[in-house]
Amino acid sequence: MRKLQITYLPSGIAVHVPVGTTLFNAAHWAGLPIDSTCGGRGTCGKCAVRVVSREAEPTPADHRHLAQERIEMGWRLSCRCEVHEDMSCEVPRPMRTPRAATMGVGRLVLLEPNVRKLLLELPEPALEDHRSHLERIRDALAVEGLEIDVGPSLLRRLAATLADGVTVTATVVGHHLVAVEAGDTRDRTFGVSFDVGTTTVVATLVDLRSGAAAAVASTINRQAPFGADVIARIGHAMTGPQAIEQLRAAVLETMNDLLDETCAAADVAPAHVYESVVVGNATMLHLLLGVDPRSIALSPFVATFLEPQDLRAADVGLEILPEGRVALFPSIGAYVGADIVADVLATGLARGEKLRLLIDVGTNGEIVCGSAERVVATAAPAGPAFEGGQILHGMRATEGAIEGVVLGDQVRLQVIGSDREPRGICGSGLIDTVAQLRLAGLLKENGILLSGEEATGHPLADRLVEDADGVRAFALTRDIVLSQLDIRELQSAKAAIATGIQVALDALGLAPEQLDEVLLAGSFGTYINPESARVVGLVPSVPVERIRAVGNTASEGAKMALVSFREREMAFGFPAFIEYVELSGVADFNERFIRNLAFPALEAVG
Ligand code: FES
């Protein structure tokens, strides 16, 4: 994709951005705050910069906000000025020092939420001032550079609110006037972000004045009884409109319960939650809106929508302030969803110079690779093995799951929970066990376990057992074994992801050793032992210190977009910039997948 260079003076900071990016967004990309109170909507007039490299055509917004003399000197509203060739511009020092907080993976985020509360002292209606209630509010907001639209339910309550006094707090989300409250309520300004996973939903209630999380809660997605992964959920949705409604209600109920829980924990009224930002895979976002997701599962795998959505909370069914807004992140493709866009935002992958690979491991392994220069994304069908599915003694990473294994002269297990009584193996335990078996010399490169006889003399030889059908297994405890078939499942899952990584690297013309960092995202990524991931071939053979678990970056990205409209704008631009590769369209996918079933040679990962 063609990139243009913008140089900001007097600092000389340069940034490379896609054609059509505004000078305002590009400055944010470069970490330069340009003054604004309207969120880049062309209404506050505060974001002017002087274009020095060429003549830039003035826009109607320039004529509205800037004196002719300034326009002739080259001043333009940066939020309206798109770049179509290399440019230089002069940026005045910001009029105010914006507040900032560190969020995501070490990202400094300016606290400028899309939700703005303004205290208005309205003139009393009088015989000589016949302006309507709404007009008086509109006029007061116009002074702040805000243009608004208003829904009928707010109009229904407006006269009653104004009857209580002329001091009101107006809440504007984007360009929507969502509340007019009597008195000064500016100290109660909240938003909520949701990361809607197929398995787990996470809600973060955020105090929008400080950017701090007021409460966080998570729970299992109530759609779980309808299927463990997106394909099973789509399968259920395909049984008819009632099933889609069932799935919509289930995820909404999950989100509303989490909203209640976080509001109760922070002592916040849901009516003081004015906006929600939602990320999740494309299927989850379809189901949240009750949109039939079947085309996602059928070739050529097309979603009904990928674009960001800005919706009224009451229309979605989310029980924040009914007039409040719900912003859905955009997706990149049917299988590289809005959660990955949020991952990219939180990690800063698309704006740094470092070459980074981000892997979000789940039933669908999502892969993003690149730097500010170019980014490629793909999705690999890993199947349920990493979540304990189709594994003889597999289980989710909950109480009693073996999450870590060390094989020496003995077997040492790390078990989740207080009583430490192992009940099964979760994904990280599975990867650890297989990696340790490789390192202990008990598992061949082709994935075949040694028999007890073949391992004679090894201190763990008596752990190599066989079931009645002659299927080999390694006994972790008396009751819990890792069977040869489980190892096959793991091989398939890791081969799918390794192939996705190879395809992404090839698209960028990179060799694995050129990667500066490998980021393991998502809750599963947090618990994987990086060394084990490398030994089994789930991640490329880079030095282990380059592999980092970055936690739930999807949640973090959603939170960042909630507290900063600039970050949101940037994230919403990612789908146009990130190149999506559909793995099923890669001609030699099957050959590569088969080659990747084997484990890396120990010399390669040692
Ligand atoms: S006019 Fe407000 S940011 Fe440009």
# chains A, B, ... in the order shown; residues from 1 in each chain; ligands from 1
>>> residues_near_ligand(ligand="ligand 1", cutoff="6 Å", atoms="only C-alpha atoms and all ligand atoms", output="CSV table (one decimal) with C-alpha atoms, in the first residue's frame")
chain,number,residue,atom,x,y,z
A,36,SER,CA,-9.3,20.0,19.5
A,37,THR,CA,-12.5,19.8,21.4
A,38,CYS,CA,-14.8,18.4,18.7
A,39,GLY,CA,-13.0,15.1,18.2
A,40,GLY,CA,-11.9,15.9,14.7
A,41,ARG,CA,-15.4,16.6,13.4
A,42,GLY,CA,-14.6,20.0,11.8
A,43,THR,CA,-16.7,21.9,14.2
A,44,CYS,CA,-14.5,23.4,17.0
A,45,GLY,CA,-12.0,25.2,14.7
A,46,LYS,CA,-9.2,24.6,17.1
A,47,CYS,CA,-7.0,22.2,15.0
A,77,LEU,CA,-8.2,22.7,9.8
A,78,SER,CA,-6.0,19.6,10.2
A,79,CYS,CA,-9.0,17.3,10.7
>>> residues_around(residues="range 3-5 of chain A", least_positions_apart="6", cutoff="9 Å", atoms="only C-alpha atoms", output="PDB file with N, CA and C atoms, in the first residue's frame")
ATOM      1  N   ALA A  14       8.449  13.046  11.518  1.00  0.00           N
ATOM      2  CA  ALA A  14       7.854  12.597  10.247  1.00  0.00           C
ATOM      3  C   ALA A  14       7.089  11.306  10.487  1.00  0.00           C
ATOM      4  N   VAL A  15       6.026  11.129   9.726  1.00  0.00           N
ATOM      5  CA  VAL A  15       5.223   9.917   9.863  1.00  0.00           C
ATOM      6  C   VAL A  15       4.787   9.473   8.476  1.00  0.00           C
ATOM      7  N   HIS A  16       4.640   8.144   8.318  1.00  0.00           N
ATOM      8  CA  HIS A  16       4.197   7.616   7.024  1.00  0.00           C
ATOM      9  C   HIS A  16       2.788   7.074   7.174  1.00  0.00           C
ATOM     10  N   VAL A  17       1.891   7.568   6.355  1.00  0.00           N
ATOM     11  CA  VAL A  17       0.477   7.178   6.514  1.00  0.00           C
ATOM     12  C   VAL A  17      -0.138   6.870   5.155  1.00  0.00           C
ATOM     13  N   PRO A  18      -1.257   6.117   5.169  1.00  0.00           N
ATOM     14  CA  PRO A  18      -1.919   5.834   3.895  1.00  0.00           C
ATOM     15  C   PRO A  18      -2.533   7.107   3.285  1.00  0.00           C
ATOM     16  N   VAL A  19      -2.696   7.085   1.973  1.00  0.00           N
ATOM     17  CA  VAL A  19      -3.336   8.188   1.246  1.00  0.00           C
ATOM     18  C   VAL A  19      -4.726   8.435   1.849  1.00  0.00           C
ATOM     19  N   VAL A  83      -4.317  13.963   3.161  1.00  0.00           N
ATOM     20  CA  VAL A  83      -3.052  13.991   2.431  1.00  0.00           C
ATOM     21  C   VAL A  83      -3.141  13.114   1.182  1.00  0.00           C
ATOM     22  N   HIS A  84      -2.710  13.688   0.088  1.00  0.00           N
ATOM     23  CA  HIS A  84      -2.679  12.939  -1.182  1.00  0.00           C
ATOM     24  C   HIS A  84      -1.300  12.969  -1.808  1.00  0.00           C
ATOM     25  N   GLU A  85      -0.366  13.637  -1.145  1.00  0.00           N
ATOM     26  CA  GLU A  85       1.054  13.605  -1.544  1.00  0.00           C
ATOM     27  C   GLU A  85       1.872  13.951  -0.303  1.00  0.00           C
ATOM     28  N   ASP A  86       3.191  13.800  -0.369  1.00  0.00           N
ATOM     29  CA  ASP A  86       4.022  14.125   0.792  1.00  0.00           C
ATOM     30  C   ASP A  86       3.774  15.585   1.184  1.00  0.00           C
ATOM     31  N   MET A  87       3.750  15.839   2.486  1.00  0.00           N
ATOM     32  CA  MET A  87       3.429  17.197   2.949  1.00  0.00           C
ATOM     33  C   MET A  87       4.265  17.587   4.148  1.00  0.00           C
ATOM     34  N   SER A  88       4.405  18.903   4.374  1.00  0.00           N
ATOM     35  CA  SER A  88       4.982  19.419   5.622  1.00  0.00           C
ATOM     36  C   SER A  88       4.010  20.457   6.163  1.00  0.00           C
ATOM     37  N   GLU A 373       5.063   0.349   8.536  1.00  0.00           N
ATOM     38  CA  GLU A 373       5.256   0.271   7.087  1.00  0.00           C
ATOM     39  C   GLU A 373       4.118  -0.487   6.399  1.00  0.00           C
TER      40      GLU A 373
END
>>> residues_around(residues="Glu403 in chain A", least_positions_apart="5", cutoff="10 Å", atoms="only C-alpha atoms", output="PyMOL selection string")
chain A and resi 396-398+413-416+422+424-433+527-529
>>> atom_distance(atom1="CA of Ala314 in chain A", atom2="CA of Leu252 in chain A")
11.8 Å
>>> closest_residue(among="A:Leu110, A:Ala100, A:Ile137, A:Ala342", to="Ser564 in chain A", atoms="only C-alpha atoms")
A:Leu110
>>> closest_residue(among="A:Met255, A:Val405, A:Ala440, A:Val192", to="Arg222 in chain A", atoms="only C-alpha atoms")
A:Met255
>>> residues_around(residues="range 585-602 of chain A", least_positions_apart="5", cutoff="9 Å", atoms="only C-alpha atoms", output="VMD selection string")
chain A and resid 438 to 439 444 to 447 488 491 to 500 502 to 503 534 to 537 541
>>> write_last_selection(atoms="N, CA and C atoms", output="mmCIF file, in the first residue's frame")
data_model
loop_
_atom_site.group_PDB
_atom_site.id
_atom_site.type_symbol
_atom_site.label_atom_id
_atom_site.label_comp_id
_atom_site.auth_asym_id
_atom_site.auth_seq_id
_atom_site.Cartn_x
_atom_site.Cartn_y
_atom_site.Cartn_z
ATOM 1 N N ARG A 438 9.082 -33.564 24.456
ATOM 2 C CA ARG A 438 10.095 -33.419 23.392
ATOM 3 C C ARG A 438 11.476 -33.257 24.015
ATOM 4 N N LEU A 439 11.572 -32.338 24.975
ATOM 5 C CA LEU A 439 12.882 -32.042 25.570
ATOM 6 C C LEU A 439 13.423 -33.241 26.347
ATOM 7 N N LYS A 444 8.873 -38.166 19.591
ATOM 8 C CA LYS A 444 9.667 -37.986 18.374
ATOM 9 C C LYS A 444 9.210 -36.738 17.604
ATOM 10 N N GLU A 445 10.072 -36.313 16.685
ATOM 11 C CA GLU A 445 9.782 -35.123 15.874
ATOM 12 C C GLU A 445 8.466 -35.273 15.103
ATOM 13 N N ASN A 446 8.152 -36.527 14.703
ATOM 14 C CA ASN A 446 6.914 -36.749 13.942
ATOM 15 C C ASN A 446 5.680 -36.875 14.845
ATOM 16 N N GLY A 447 5.861 -36.695 16.151
ATOM 17 C CA GLY A 447 4.721 -36.691 17.066
ATOM 18 C C GLY A 447 4.404 -38.041 17.669
ATOM 19 N N ARG A 488 -1.834 -35.652 18.619
ATOM 20 C CA ARG A 488 -2.251 -35.414 17.227
ATOM 21 C C ARG A 488 -3.106 -34.140 17.133
ATOM 22 N N GLN A 491 -0.941 -31.206 17.436
ATOM 23 C CA GLN A 491 -0.155 -31.019 16.204
ATOM 24 C C GLN A 491 -0.998 -30.289 15.144
ATOM 25 N N SER A 492 -2.274 -30.692 15.005
ATOM 26 C CA SER A 492 -3.143 -30.043 14.012
ATOM 27 C C SER A 492 -3.343 -28.579 14.356
ATOM 28 N N ALA A 493 -3.602 -28.313 15.632
ATOM 29 C CA ALA A 493 -3.877 -26.934 16.048
ATOM 30 C C ALA A 493 -2.654 -26.048 15.829
ATOM 31 N N LYS A 494 -1.510 -26.543 16.245
ATOM 32 C CA LYS A 494 -0.315 -25.696 16.129
ATOM 33 C C LYS A 494 0.129 -25.587 14.665
ATOM 34 N N ALA A 495 -0.136 -26.644 13.878
ATOM 35 C CA ALA A 495 0.228 -26.579 12.451
ATOM 36 C C ALA A 495 -0.616 -25.518 11.746
ATOM 37 N N ALA A 496 -1.888 -25.408 12.116
ATOM 38 C CA ALA A 496 -2.757 -24.389 11.490
ATOM 39 C C ALA A 496 -2.205 -23.006 11.799
ATOM 40 N N ILE A 497 -1.842 -22.775 13.042
ATOM 41 C CA ILE A 497 -1.349 -21.450 13.418
ATOM 42 C C ILE A 497 0.025 -21.184 12.807
ATOM 43 N N ALA A 498 0.898 -22.191 12.848
ATOM 44 C CA ALA A 498 2.233 -22.012 12.271
ATOM 45 C C ALA A 498 2.131 -21.708 10.769
ATOM 46 N N THR A 499 1.167 -22.339 10.095
ATOM 47 C CA THR A 499 0.989 -22.083 8.665
ATOM 48 C C THR A 499 0.499 -20.655 8.438
ATOM 49 N N GLY A 500 -0.445 -20.225 9.283
ATOM 50 C CA GLY A 500 -0.931 -18.839 9.196
ATOM 51 C C GLY A 500 0.221 -17.860 9.375
ATOM 52 N N GLN A 502 3.426 -18.404 8.797
ATOM 53 C CA GLN A 502 4.288 -18.470 7.599
ATOM 54 C C GLN A 502 3.707 -17.667 6.449
ATOM 55 N N VAL A 503 2.393 -17.814 6.253
ATOM 56 C CA VAL A 503 1.742 -17.109 5.142
ATOM 57 C C VAL A 503 1.855 -15.594 5.358
ATOM 58 N N ARG A 534 7.600 -22.279 21.674
ATOM 59 C CA ARG A 534 8.657 -22.333 20.673
ATOM 60 C C ARG A 534 9.057 -23.786 20.390
ATOM 61 N N VAL A 535 9.145 -24.580 21.470
ATOM 62 C CA VAL A 535 9.576 -25.985 21.310
ATOM 63 C C VAL A 535 8.557 -26.774 20.480
ATOM 64 N N VAL A 536 7.255 -26.498 20.687
ATOM 65 C CA VAL A 536 6.260 -27.266 19.914
ATOM 66 C C VAL A 536 6.057 -26.675 18.509
ATOM 67 N N GLY A 537 6.596 -25.465 18.276
ATOM 68 C CA GLY A 537 6.473 -24.859 16.942
ATOM 69 C C GLY A 537 5.213 -24.023 16.783
ATOM 70 N N SER A 541 10.891 -19.775 15.723
ATOM 71 C CA SER A 541 12.074 -19.989 16.562
ATOM 72 C C SER A 541 12.898 -18.720 16.722
#
>>> residues_around(residues="Ala271 in chain A", least_positions_apart="5", cutoff="8 Å", atoms="only C-alpha atoms", output="short mmCIF file (atom, residue, chain, number, x, y, z; two decimals) with N, CA and C atoms, in the first residue's frame")
data_model
loop_
_atom_site.label_atom_id
_atom_site.label_comp_id
_atom_site.auth_asym_id
_atom_site.auth_seq_id
_atom_site.Cartn_x
_atom_site.Cartn_y
_atom_site.Cartn_z
N ILE A 320 -27.40 0.71 29.41
CA ILE A 320 -26.82 1.97 29.90
C ILE A 320 -27.91 3.02 29.69
N LEU A 321 -27.59 4.31 29.76
CA LEU A 321 -28.59 5.32 29.45
C LEU A 321 -29.22 4.98 28.09
N PRO A 322 -30.57 4.91 28.02
CA PRO A 322 -31.17 4.44 26.75
C PRO A 322 -30.77 5.26 25.53
#
>>> residues_around(residues="Leu205 in chain A", least_positions_apart="6", cutoff="10 Å", atoms="only C-alpha atoms", output="list of chain:residue names")
A:Phe190, A:Gly191, A:Val192, A:Ser193, A:Phe194, A:Gly211, A:Ala212, A:Ala213, A:Ala214, A:Ala215, A:Val216, A:Ala217, A:Leu258, A:Leu259, A:Glu261, A:Thr262, A:Cys263, A:Ala265, A:Ala266, A:Val268, A:Val273, A:Ser276, A:Lys559
>>> write_last_selection(atoms="N, CA and C atoms", output="mmCIF file, in the first residue's frame")
data_model
loop_
_atom_site.group_PDB
_atom_site.id
_atom_site.type_symbol
_atom_site.label_atom_id
_atom_site.label_comp_id
_atom_site.auth_asym_id
_atom_site.auth_seq_id
_atom_site.Cartn_x
_atom_site.Cartn_y
_atom_site.Cartn_z
ATOM 1 N N PHE A 190 -19.371 8.228 32.937
ATOM 2 C CA PHE A 190 -18.813 6.873 32.795
ATOM 3 C C PHE A 190 -19.077 6.295 31.405
ATOM 4 N N GLY A 191 -18.257 5.351 31.068
ATOM 5 C CA GLY A 191 -18.439 4.583 29.841
ATOM 6 C C GLY A 191 -18.124 3.134 30.178
ATOM 7 N N VAL A 192 -18.519 2.229 29.322
ATOM 8 C CA VAL A 192 -18.212 0.815 29.586
ATOM 9 C C VAL A 192 -17.703 0.172 28.299
ATOM 10 N N SER A 193 -16.630 -0.593 28.435
ATOM 11 C CA SER A 193 -16.143 -1.320 27.261
ATOM 12 C C SER A 193 -16.433 -2.803 27.452
ATOM 13 N N PHE A 194 -16.693 -3.477 26.337
ATOM 14 C CA PHE A 194 -16.936 -4.921 26.367
ATOM 15 C C PHE A 194 -16.022 -5.614 25.373
ATOM 16 N N GLY A 211 -9.911 8.230 33.121
ATOM 17 C CA GLY A 211 -9.465 7.118 32.284
ATOM 18 C C GLY A 211 -9.245 5.849 33.092
ATOM 19 N N ALA A 212 -9.513 5.916 34.390
ATOM 20 C CA ALA A 212 -9.256 4.749 35.249
ATOM 21 C C ALA A 212 -10.435 3.783 35.216
ATOM 22 N N ALA A 213 -10.124 2.503 35.357
ATOM 23 C CA ALA A 213 -11.188 1.499 35.433
ATOM 24 C C ALA A 213 -11.845 1.608 36.809
ATOM 25 N N ALA A 214 -13.164 1.836 36.818
ATOM 26 C CA ALA A 214 -13.884 1.913 38.090
ATOM 27 C C ALA A 214 -14.222 0.503 38.570
ATOM 28 N N ALA A 215 -14.439 -0.419 37.664
ATOM 29 C CA ALA A 215 -14.716 -1.826 38.009
ATOM 30 C C ALA A 215 -14.541 -2.683 36.766
ATOM 31 N N VAL A 216 -14.106 -3.919 36.994
ATOM 32 C CA VAL A 216 -13.930 -4.868 35.878
ATOM 33 C C VAL A 216 -14.633 -6.166 36.268
ATOM 34 N N ALA A 217 -15.315 -6.793 35.342
ATOM 35 C CA ALA A 217 -15.950 -8.088 35.626
ATOM 36 C C ALA A 217 -15.928 -8.933 34.362
ATOM 37 N N LEU A 258 -23.108 -8.079 33.409
ATOM 38 C CA LEU A 258 -21.775 -7.537 33.724
ATOM 39 C C LEU A 258 -21.857 -6.033 33.978
ATOM 40 N N LEU A 259 -22.728 -5.377 33.225
ATOM 41 C CA LEU A 259 -22.914 -3.934 33.433
ATOM 42 C C LEU A 259 -23.439 -3.697 34.849
ATOM 43 N N GLU A 261 -23.169 -5.636 37.403
ATOM 44 C CA GLU A 261 -22.144 -6.004 38.390
ATOM 45 C C GLU A 261 -21.101 -4.897 38.550
ATOM 46 N N THR A 262 -20.641 -4.343 37.435
ATOM 47 C CA THR A 262 -19.603 -3.306 37.525
ATOM 48 C C THR A 262 -20.190 -2.018 38.103
ATOM 49 N N CYS A 263 -21.424 -1.681 37.713
ATOM 50 C CA CYS A 263 -22.055 -0.463 38.247
ATOM 51 C C CYS A 263 -22.253 -0.601 39.754
ATOM 52 N N ALA A 265 -20.529 -2.492 41.811
ATOM 53 C CA ALA A 265 -19.225 -2.489 42.488
ATOM 54 C C ALA A 265 -18.676 -1.075 42.629
ATOM 55 N N ALA A 266 -18.947 -0.218 41.625
ATOM 56 C CA ALA A 266 -18.379 1.147 41.661
ATOM 57 C C ALA A 266 -19.399 2.171 42.148
ATOM 58 N N VAL A 268 -22.238 3.196 40.717
ATOM 59 C CA VAL A 268 -22.540 4.094 39.596
ATOM 60 C C VAL A 268 -23.918 3.720 39.047
ATOM 61 N N VAL A 273 -23.894 6.001 32.628
ATOM 62 C CA VAL A 273 -22.986 5.369 31.661
ATOM 63 C C VAL A 273 -23.518 5.779 30.281
ATOM 64 N N SER A 276 -20.792 2.971 25.253
ATOM 65 C CA SER A 276 -20.143 1.669 25.352
ATOM 66 C C SER A 276 -19.367 1.411 24.069
ATOM 67 N N LYS A 559 -10.992 -0.122 25.756
ATOM 68 C CA LYS A 559 -10.945 0.901 26.809
ATOM 69 C C LYS A 559 -10.256 2.166 26.280
#
>>> closest_residue(among="A:Glu135, A:Glu144, A:Glu245, A:Glu454", to="Leu158 in chain A", atoms="only C-alpha atoms")
A:Glu135
>>> select_by_dssp(residues="range 132-166 of chain A", states="alpha helix (DSSP H)", output="PyMOL selection string")
chain A and resi 133-143+152-163
>>> write_last_selection(atoms="N, CA and C atoms", output="PDB file, in the first residue's frame")
ATOM      1  N   HIS A 133     -36.805  25.404  23.983  1.00  0.00           N
ATOM      2  CA  HIS A 133     -35.843  24.839  24.946  1.00  0.00           C
ATOM      3  C   HIS A 133     -34.649  24.259  24.196  1.00  0.00           C
ATOM      4  N   LEU A 134     -34.977  23.554  23.116  1.00  0.00           N
ATOM      5  CA  LEU A 134     -33.904  22.899  22.377  1.00  0.00           C
ATOM      6  C   LEU A 134     -32.974  23.929  21.727  1.00  0.00           C
ATOM      7  N   GLU A 135     -33.584  24.974  21.219  1.00  0.00           N
ATOM      8  CA  GLU A 135     -32.786  26.013  20.561  1.00  0.00           C
ATOM      9  C   GLU A 135     -31.823  26.668  21.555  1.00  0.00           C
ATOM     10  N   ARG A 136     -32.298  26.893  22.760  1.00  0.00           N
ATOM     11  CA  ARG A 136     -31.421  27.518  23.762  1.00  0.00           C
ATOM     12  C   ARG A 136     -30.232  26.595  24.078  1.00  0.00           C
ATOM     13  N   ILE A 137     -30.514  25.300  24.112  1.00  0.00           N
ATOM     14  CA  ILE A 137     -29.412  24.346  24.358  1.00  0.00           C
ATOM     15  C   ILE A 137     -28.476  24.314  23.155  1.00  0.00           C
ATOM     16  N   ARG A 138     -29.069  24.234  22.007  1.00  0.00           N
ATOM     17  CA  ARG A 138     -28.272  24.202  20.768  1.00  0.00           C
ATOM     18  C   ARG A 138     -27.346  25.419  20.678  1.00  0.00           C
ATOM     19  N   ASP A 139     -27.916  26.589  20.989  1.00  0.00           N
ATOM     20  CA  ASP A 139     -27.121  27.828  20.908  1.00  0.00           C
ATOM     21  C   ASP A 139     -25.980  27.803  21.919  1.00  0.00           C
ATOM     22  N   ALA A 140     -26.278  27.294  23.135  1.00  0.00           N
ATOM     23  CA  ALA A 140     -25.234  27.253  24.169  1.00  0.00           C
ATOM     24  C   ALA A 140     -24.118  26.281  23.757  1.00  0.00           C
ATOM     25  N   LEU A 141     -24.496  25.183  23.120  1.00  0.00           N
ATOM     26  CA  LEU A 141     -23.482  24.203  22.699  1.00  0.00           C
ATOM     27  C   LEU A 141     -22.693  24.705  21.483  1.00  0.00           C
ATOM     28  N   ALA A 142     -23.352  25.502  20.649  1.00  0.00           N
ATOM     29  CA  ALA A 142     -22.663  26.027  19.459  1.00  0.00           C
ATOM     30  C   ALA A 142     -21.495  26.909  19.881  1.00  0.00           C
ATOM     31  N   VAL A 143     -21.638  27.589  21.014  1.00  0.00           N
ATOM     32  CA  VAL A 143     -20.556  28.433  21.529  1.00  0.00           C
ATOM     33  C   VAL A 143     -19.317  27.564  21.795  1.00  0.00           C
ATOM     34  N   PRO A 152     -36.118  11.659  19.969  1.00  0.00           N
ATOM     35  CA  PRO A 152     -37.426  12.046  20.546  1.00  0.00           C
ATOM     36  C   PRO A 152     -37.546  11.802  22.049  1.00  0.00           C
ATOM     37  N   SER A 153     -36.905  10.761  22.580  1.00  0.00           N
ATOM     38  CA  SER A 153     -37.119  10.485  24.009  1.00  0.00           C
ATOM     39  C   SER A 153     -36.488  11.577  24.869  1.00  0.00           C
ATOM     40  N   LEU A 154     -35.410  12.174  24.414  1.00  0.00           N
ATOM     41  CA  LEU A 154     -34.814  13.279  25.169  1.00  0.00           C
ATOM     42  C   LEU A 154     -35.741  14.497  25.103  1.00  0.00           C
ATOM     43  N   LEU A 155     -36.339  14.729  23.943  1.00  0.00           N
ATOM     44  CA  LEU A 155     -37.260  15.860  23.807  1.00  0.00           C
ATOM     45  C   LEU A 155     -38.448  15.718  24.750  1.00  0.00           C
ATOM     46  N   ARG A 156     -38.888  14.467  24.930  1.00  0.00           N
ATOM     47  CA  ARG A 156     -40.049  14.239  25.805  1.00  0.00           C
ATOM     48  C   ARG A 156     -39.777  14.698  27.227  1.00  0.00           C
ATOM     49  N   ARG A 157     -38.526  14.595  27.670  1.00  0.00           N
ATOM     50  CA  ARG A 157     -38.197  14.925  29.066  1.00  0.00           C
ATOM     51  C   ARG A 157     -37.658  16.344  29.240  1.00  0.00           C
ATOM     52  N   LEU A 158     -37.388  17.016  28.142  1.00  0.00           N
ATOM     53  CA  LEU A 158     -36.639  18.270  28.214  1.00  0.00           C
ATOM     54  C   LEU A 158     -37.361  19.359  29.015  1.00  0.00           C
ATOM     55  N   ALA A 159     -38.660  19.565  28.754  1.00  0.00           N
ATOM     56  CA  ALA A 159     -39.389  20.640  29.432  1.00  0.00           C
ATOM     57  C   ALA A 159     -39.376  20.416  30.939  1.00  0.00           C
ATOM     58  N   ALA A 160     -39.569  19.156  31.355  1.00  0.00           N
ATOM     59  CA  ALA A 160     -39.599  18.849  32.793  1.00  0.00           C
ATOM     60  C   ALA A 160     -38.238  19.132  33.417  1.00  0.00           C
ATOM     61  N   THR A 161     -37.161  18.780  32.745  1.00  0.00           N
ATOM     62  CA  THR A 161     -35.815  19.021  33.294  1.00  0.00           C
ATOM     63  C   THR A 161     -35.572  20.521  33.437  1.00  0.00           C
ATOM     64  N   LEU A 162     -35.939  21.268  32.413  1.00  0.00           N
ATOM     65  CA  LEU A 162     -35.672  22.706  32.449  1.00  0.00           C
ATOM     66  C   LEU A 162     -36.581  23.432  33.446  1.00  0.00           C
ATOM     67  N   ALA A 163     -37.701  22.816  33.763  1.00  0.00           N
ATOM     68  CA  ALA A 163     -38.582  23.431  34.758  1.00  0.00           C
ATOM     69  C   ALA A 163     -37.911  23.466  36.120  1.00  0.00           C
TER      70      ALA A 163
END
>>> atom_distance(atom1="CA of Leu407 in chain A", atom2="CA of Asp479 in chain A")
17.4 Å
>>> residues_around(residues="Ser295 in chain A", least_positions_apart="3", cutoff="12 Å", atoms="only C-alpha atoms", output="list in words")
Ile231, Ile234, Gly235, Ala237, Met238, Ala282, Thr283, His286, Val291, Asp292, Leu298, Ser299, Pro300, Phe301, Val302, Ala303, Thr304, Phe305, Ala334 and Tyr335 of chain A
>>> write_last_selection(atoms="C-alpha atoms", output="PDB file, in the first residue's frame")
ATOM      1  CA  ILE A 231     -18.873 -22.406  13.786  1.00  0.00           C
ATOM      2  CA  ILE A 234     -23.428 -20.182  13.455  1.00  0.00           C
ATOM      3  CA  GLY A 235     -24.708 -23.741  13.031  1.00  0.00           C
ATOM      4  CA  ALA A 237     -28.177 -19.665  14.174  1.00  0.00           C
ATOM      5  CA  MET A 238     -28.832 -21.431  10.854  1.00  0.00           C
ATOM      6  CA  ALA A 282     -17.331 -10.708  13.608  1.00  0.00           C
ATOM      7  CA  THR A 283     -19.718 -13.535  14.518  1.00  0.00           C
ATOM      8  CA  HIS A 286     -23.407 -10.064  14.209  1.00  0.00           C
ATOM      9  CA  VAL A 291     -27.817 -10.332  12.274  1.00  0.00           C
ATOM     10  CA  ASP A 292     -27.798 -13.753  10.597  1.00  0.00           C
ATOM     11  CA  LEU A 298     -20.008 -20.548   3.997  1.00  0.00           C
ATOM     12  CA  SER A 299     -17.506 -20.036   1.180  1.00  0.00           C
ATOM     13  CA  PRO A 300     -16.566 -17.338   0.157  1.00  0.00           C
ATOM     14  CA  PHE A 301     -16.873 -16.416   3.901  1.00  0.00           C
ATOM     15  CA  VAL A 302     -18.431 -12.969   3.662  1.00  0.00           C
ATOM     16  CA  ALA A 303     -19.722 -11.012   6.642  1.00  0.00           C
ATOM     17  CA  THR A 304     -22.890  -8.911   6.484  1.00  0.00           C
ATOM     18  CA  PHE A 305     -20.987  -5.984   7.957  1.00  0.00           C
ATOM     19  CA  ALA A 334     -14.993 -12.480   8.557  1.00  0.00           C
ATOM     20  CA  TYR A 335     -12.403 -14.268  10.722  1.00  0.00           C
TER      21      TYR A 335
END
>>> closest_residue(among="A:Gly31, A:Gly324, A:Pro543, A:Gly106", to="Gly151 in chain A", atoms="only C-alpha atoms")
A:Gly324
>>> closest_residue(among="A:Ile448, A:Ala346, A:Ala203, A:Ile296", to="Thr553 in chain A", atoms="only C-alpha atoms")
A:Ala346
>>> atom_distance(atom1="CA of Val166 in chain A", atom2="CA of Glu275 in chain A")
25.4 Å
>>> select_by_dssp(residues="range 93-207 of chain A", states="strand (DSSP E or B)", output="PyMOL selection string")
chain A and resi 100-103+107-110+112+115-121+126+129+149-150+167-173+176-182+190-196+200-207
>>> closest_residue(among="A:Gly404, A:Pro125, A:Pro512, A:Gly522", to="Leu357 in chain A", atoms="only C-alpha atoms")
A:Pro512
